[in-house]
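Engineer: Have a look at this one before I ask anything.
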Amino acid sequence: MITQNLEQKAAELRLQILLTALKAGKGHVPPAFSWVEIGVALFYGGHLNIRPHEPQWEGRDRFILSKGHGCLTLYAIMADLGFFPKTELENFCSPGSLLAGHPDTNIPGVEGISGSLGHGLGVSAGLALGAKLYSSPWNVVTVLGDGECQEGSVWEAAMFASHHRLNNLMAILDRNGLGATNYTEQSTALEPLVDKWNAFGWEVMKIDGHSFHELHAAMTAFRQRTFLKPLMVVAQTVKGKGVSFMEGSVDWHHRMPKGKEVDEALQELKQAHSLPGFSANTGDGSWLMIFVMRHFTRYFKWSQGIRA
Amino acid sequence: MRNTFADVFYEAGKREKRLAVVVADISPAGSIQKFREDFPERFVNTGVSEQIMIGMCAGMALRGLRPFAYTIATFTLFRPFEFVRDDLCYQNLPVTVVGIGGGVTYSTLGGTHHAMEDVAVAGAIPNLSIIAPCDPAETKAATLWCVDQTRGPVYLRLGKAGEPNLTEQAGPWEFGKLRYLRKGHDVCIFSYGPIMKLALEVASFLEQKGQSVSLISAHTLKPLDREGIAAALTQHQRAVVIEECVPRGGLSGQVKEIASDERIDCRINAFTLKDEFIHCYGSHADLLSAHGLDLQTISSRLKVV
């Protein structure tokens, strides 16, 4: 699929995600928005070998969403691909629904439960090691949150995966810069993340997580490389991407838009959806600068408040 | 028990190629070392990383393997508790979590190495079966059951090495069923795990006092043989529970619960570990004694004339 179509798909999914959350009155929208392009590149860009109508097909690549609270993106993708009927999205978080606020293995195509952070990489490493033992030709892909990397178990798994040369494992780190309540660099700083993963024995790529061009390059490199190391793709993203007032904001983790906010958000997403070739690419890698500038005032006020 | 487990596991590993053992930096005892040498690809040491030991096992089980996570009970169950709960039990994967040194077996190592509440903690998690063999013979049967089962996750609670065989005369071991080691009609004693040795002493004491005693191994703590317990309570005038677990959440409370639910009129005495961290070091028997689990204390409390 050409980049323009992927961008169109991303815009379509963002709208679906918000509508799903609005219907339920629940859901983590901004953490879902930050990895939409990552998800689209994987599931629509030919980088995951899957059969939506045969979810248990033995030869499939295994995908685990370690940052389970970002599940709205996964659900929107899976419904669109036909893992389950689209109507399920309307029942999100309701009694009798297939879809909960975190992924569950009763959903066709969900390989492992998540929701508690720090689990996905370990389970993925176990899958990857199992695949090696049986010489299975498939790969394991997991998407981690950046705040999640404050969990010690992530680093246990990181050491383990590199020690066992699990080069059939790719982790994509949704580096949106925010935990649930704070900038990661303000709670317990994660940087220098690339150096950390390097030091833990991983091959590391740092890319713009909203650029299909860069995502495609990293995911293609994963399949083609002969390295023995697991691959970490640090994808710089913007939490809440697509809705200006959510973007990079400490206030928006699981908050639901209300009143005028709903109209504004829908308008922005619909506009993006209707624009052919709309580019979600922040382009030049000055991601951090952009979001710091944009939110400087808000952040300044917040930090003053903490000191006071 | 540790060595019996290792021997049985090694032999089973020869025929069952899906068996794997995942340890977190613990020196493999006996035949596990042999397993490591003969099947290096199925022996995984995660280092001092218990959370990932459990997470890894989940991943391997998702790939169709039958992993056994193996280390000291406090570190297979308490340290990675939420991983056991979410990765294994929530997903209902056939992984055996082997806890060496259940209870206060590691009597000289201090409270950090005492799994006093393991049965209570494990018993609270849905889907997790609990098996606590009382001697090497039961360990063999239980390990073989774990190797072939597809039911879901199991907490296999073992002692350490050198326990005597107590159950060779008893009938066959069956998962989820009480096992009578001897059968009488006045008093029934329920116990499980290595403390069965003390239960045997109590049984002999009561017999010397003229009582006819049933001694029962409640090796499967979950699912508990409720019907079997109700029947035993009905058939005896008095029941005694002896367990190496804190007072709440173990077997004792459940036996009383069954008596209450089924309205069975049977006098029940429970002897458990105290609800205390006891700063005492010595032999396993010394520690148990500090918790009030010795023949003298139990016999005086039973007040048998």
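Chains: A, B, ... in order of the structure tokens. Residues: from 1 per chain. Ligands: from 1, in order shown.
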Against chain A, which residues of chain B fall within 10 Å? For each one I want the closest pair of atoms and the distance in Å (one decimal), counting only C-alpha atoms, rows by chain and increasing residue number, as a Markdown table.
Structural biologist:
| residue | atom | partner | partner_atom | distance |
| --- | --- | --- | --- | --- |
| B:Arg18 | CA | A:Gly130 | CA | 9.9 |
| B:Glu41 | CA | A:Leu133 | CA | 6.8 |
| B:Arg42 | CA | A:Leu133 | CA | 8.0 |
| B:Val44 | CA | A:His164 | CA | 9.6 |
| B:Asn45 | CA | A:Phe160 | CA | 9.1 |
| B:Thr46 | CA | A:Phe160 | CA | 6.3 |
| B:Gly47 | CA | A:Phe160 | CA | 8.3 |
| B:Val48 | CA | A:Glu156 | CA | 8.6 |
| B:Ser49 | CA | A:Glu156 | CA | 5.8 |
| B:Glu50 | CA | A:Glu156 | CA | 8.6 |
| B:Gln51 | CA | A:Ser153 | CA | 6.1 |
| B:Ile52 | CA | A:Gly122 | CA | 5.3 |
| B:Met53 | CA | A:Gly122 | CA | 8.2 |
| B:Ile54 | CA | A:Gly122 | CA | 8.2 |
| B:Gly55 | CA | A:Val123 | CA | 4.8 |
| B:Met56 | CA | A:Gly126 | CA | 4.0 |
| B:Cys57 | CA | A:Gly126 | CA | 6.2 |
| B:Ala58 | CA | A:Val123 | CA | 5.9 |
| B:Gly59 | CA | A:Gly126 | CA | 3.9 |
| B:Met60 | CA | A:Gly126 | CA | 4.8 |
| B:Ala61 | CA | A:Leu127 | CA | 8.0 |
| B:Leu62 | CA | A:Leu127 | CA | 6.7 |
| B:Arg63 | CA | A:Gly130 | CA | 5.7 |
| B:Gly64 | CA | A:Gly130 | CA | 7.9 |
| B:Leu65 | CA | A:Gly130 | CA | 7.3 |
| B:Pro80 | CA | A:Ser153 | CA | 9.5 |
| B:Glu82 | CA | A:Ser116 | CA | 8.7 |
| B:Phe83 | CA | A:His119 | CA | 7.3 |
| B:Asp86 | CA | A:Ile113 | CA | 7.6 |
| B:Asp87 | CA | A:Ile113 | CA | 7.3 |
| B:Tyr90 | CA | A:Ile113 | CA | 8.0 |
| B:Gln91 | CA | A:Ile113 | CA | 7.1 |
Engineer: Assign secondary structure with DSSP using the backbone only, and return the residues of stretch 35-245 of chain B in helix (DSSP H, G or I) as JSON, numbers by chain.
Structural biologist: {"B": [35, 36, 37, 38, 40, 41, 42, 50, 51, 52, 53, 54, 55, 56, 57, 58, 59, 60, 61, 62, 73, 74, 75, 76, 77, 78, 81, 82, 83, 84, 85, 86, 87, 88, 89, 90, 111, 112, 113, 118, 119, 120, 121, 122, 123, 136, 137, 138, 139, 140, 141, 142, 143, 144, 145, 146, 147, 148, 196, 197, 198, 199, 200, 201, 202, 203, 204, 205, 206, 207, 208, 226, 227, 228, 229, 230, 231, 232, 233, 234, 235]}
Engineer: Residues at most 6 Å from stretch 222-229 of chain A, counting only C-alpha atoms, excluding those fewer than 6 positions away in the same chain, as a ChimeraX atom specification?
Structural biologist: /A:162,165,167,202-203
Engineer: Selection from above, N, CA and C atoms, as an mmCIF file, in the first residue's frame, can you write it?
Structural biologist:
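Okay, result37.cif is ready:
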data_model
loop_
_atom_site.group_PDB
_atom_site.id
_atom_site.type_symbol
_atom_site.label_atom_id
_atom_site.label_comp_id
_atom_site.auth_asym_id
_atom_site.auth_seq_id
_atom_site.Cartn_x
_atom_site.Cartn_y
_atom_site.Cartn_z
ATOM 1 N N SER A 162 18.599 -10.302 24.499
ATOM 2 C CA SER A 162 19.876 -10.127 23.797
ATOM 3 C C SER A 162 20.826 -11.279 24.109
ATOM 4 N N ARG A 165 20.102 -14.020 21.901
ATOM 5 C CA ARG A 165 20.195 -13.651 20.477
ATOM 6 C C ARG A 165 18.854 -13.802 19.761
ATOM 7 N N ASN A 167 16.955 -12.644 17.554
ATOM 8 C CA ASN A 167 16.852 -11.703 16.432
ATOM 9 C C ASN A 167 15.548 -11.854 15.653
ATOM 10 N N TRP A 202 20.911 -4.678 22.373
ATOM 11 C CA TRP A 202 19.959 -4.652 21.267
ATOM 12 C C TRP A 202 20.502 -3.802 20.137
ATOM 13 N N GLU A 203 20.078 -4.158 18.913
ATOM 14 C CA GLU A 203 20.276 -3.232 17.812
ATOM 15 C C GLU A 203 19.173 -2.178 17.946
#
Engineer: Name the residues in contact with stretch 4-10 of chain B at a cut-off of 6 Å, using only C-alpha atoms, excluding same-chain residues fewer than 5 positions from it; report them as a list in words.
Structural biologist: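 Result of the neighbour search: Ser31, Ile32, Phe35 and Pro136 of chain B.
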Engineer: Within 10 Å of B:Gly162, counting only C-alpha atoms, which residues qualify if same-chain residues fewer than 3 places away don't, as a ChimeraX atom specification?
Structural biologist: /B:1-4,135-136,159,165
Engineer: Just write the chosen residues, N, CA, C and O atoms, as a PDB file, in the first residue's frame.
Structural biologist:
ATOM      1  N   MET B   1      12.780 -34.701  48.100  1.00  0.00           N
ATOM      2  CA  MET B   1      11.722 -34.378  47.154  1.00  0.00           C
ATOM      3  C   MET B   1      12.291 -33.673  45.926  1.00  0.00           C
ATOM      4  O   MET B   1      11.869 -33.914  44.814  1.00  0.00           O
ATOM      5  N   ARG B   2      13.255 -32.793  46.213  1.00  0.00           N
ATOM      6  CA  ARG B   2      13.899 -32.041  45.140  1.00  0.00           C
ATOM      7  C   ARG B   2      14.559 -32.997  44.146  1.00  0.00           C
ATOM      8  O   ARG B   2      14.440 -32.853  42.937  1.00  0.00           O
ATOM      9  N   ASN B   3      15.249 -33.973  44.700  1.00  0.00           N
ATOM     10  CA  ASN B   3      15.971 -34.916  43.838  1.00  0.00           C
ATOM     11  C   ASN B   3      15.015 -35.850  43.103  1.00  0.00           C
ATOM     12  O   ASN B   3      15.245 -36.185  41.937  1.00  0.00           O
ATOM     13  N   THR B   4      13.965 -36.242  43.788  1.00  0.00           N
ATOM     14  CA  THR B   4      12.966 -37.097  43.127  1.00  0.00           C
ATOM     15  C   THR B   4      12.328 -36.327  41.976  1.00  0.00           C
ATOM     16  O   THR B   4      12.178 -36.855  40.867  1.00  0.00           O
ATOM     17  N   ASP B 135       5.953 -36.436  50.423  1.00  0.00           N
ATOM     18  CA  ASP B 135       7.187 -37.234  50.458  1.00  0.00           C
ATOM     19  C   ASP B 135       7.662 -37.495  49.022  1.00  0.00           C
ATOM     20  O   ASP B 135       6.983 -37.111  48.057  1.00  0.00           O
ATOM     21  N   PRO B 136       8.815 -38.127  48.865  1.00  0.00           N
ATOM     22  CA  PRO B 136       9.330 -38.356  47.503  1.00  0.00           C
ATOM     23  C   PRO B 136       8.368 -39.181  46.640  1.00  0.00           C
ATOM     24  O   PRO B 136       8.228 -38.917  45.443  1.00  0.00           O
ATOM     25  N   GLY B 159       9.360 -29.663  49.255  1.00  0.00           N
ATOM     26  CA  GLY B 159      10.236 -29.362  50.391  1.00  0.00           C
ATOM     27  C   GLY B 159      11.640 -29.153  49.868  1.00  0.00           C
ATOM     28  O   GLY B 159      11.847 -28.423  48.907  1.00  0.00           O
ATOM     29  N   ASN B 165      10.274 -41.405  52.839  1.00  0.00           N
ATOM     30  CA  ASN B 165       9.039 -41.843  52.194  1.00  0.00           C
ATOM     31  C   ASN B 165       8.041 -42.273  53.261  1.00  0.00           C
ATOM     32  O   ASN B 165       8.365 -43.076  54.132  1.00  0.00           O
TER      33      ASN B 165
END
Engineer: May I ask for the distance between atom CA of A:Leu72 and atom CA of A:Met232, given in Å to one decimal place?
Structural biologist: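 Between these atoms lies a distance of 23.1 Å.
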Engineer: For the structure I just gave you, how does DSSP split stretch 88-276 of chain B - specifically, which residues are strand (DSSP E or B)? Reply as JSON, numbers by chain.
Structural biologist: {"B": [96, 97, 98, 99, 100, 102, 103, 115, 129, 130, 131, 154, 155, 156, 157, 179, 180, 181, 182, 187, 188, 189, 190, 191, 213, 214, 215, 216, 217, 220, 221, 222, 238, 239, 240, 241, 242, 267, 268, 269, 270, 271]}
Engineer: When you look at B:Asn92 with a cut-off of 7 Å (counting only C-alpha atoms), what residues show up, excluding the ones that are within fewer than 3 positions of it in the same chain? I need them as JSON, numbers by chain.
Structural biologist: {"B": [88, 89, 127, 152, 153]}
Engineer: Applying 7 Å and only C-alpha atoms, which residues near A:Ile17 remain after dropping the ones on its own chain fewer than 4 positions away? List them as a list in words.
Structural biologist: Leu13, Ala21, Leu72, Thr73 and Ala76 of chain A
Engineer: Go ahead and save the picked residues with N, CA and C atoms, as a PDB file, in the first residue's frame.
Structural biologist:
ATOM      1  N   LEU A  13      -8.697   5.447  10.997  1.00  0.00           N
ATOM      2  CA  LEU A  13      -8.666   4.708  12.262  1.00  0.00           C
ATOM      3  C   LEU A  13      -8.769   5.644  13.459  1.00  0.00           C
ATOM      4  N   ALA A  21     -14.539   5.233  21.559  1.00  0.00           N
ATOM      5  CA  ALA A  21     -14.390   5.684  22.946  1.00  0.00           C
ATOM      6  C   ALA A  21     -15.574   6.554  23.370  1.00  0.00           C
ATOM      7  N   LEU A  72      -7.304   0.579  21.861  1.00  0.00           N
ATOM      8  CA  LEU A  72      -8.317   1.073  20.920  1.00  0.00           C
ATOM      9  C   LEU A  72      -7.792   1.043  19.487  1.00  0.00           C
ATOM     10  N   THR A  73      -6.519   1.311  19.328  1.00  0.00           N
ATOM     11  CA  THR A  73      -5.922   1.256  17.987  1.00  0.00           C
ATOM     12  C   THR A  73      -5.936  -0.177  17.462  1.00  0.00           C
ATOM     13  N   ALA A  76      -9.485  -1.172  16.535  1.00  0.00           N
ATOM     14  CA  ALA A  76      -9.942  -0.540  15.293  1.00  0.00           C
ATOM     15  C   ALA A  76      -9.317  -1.242  14.086  1.00  0.00           C
TER      16      ALA A  76
END
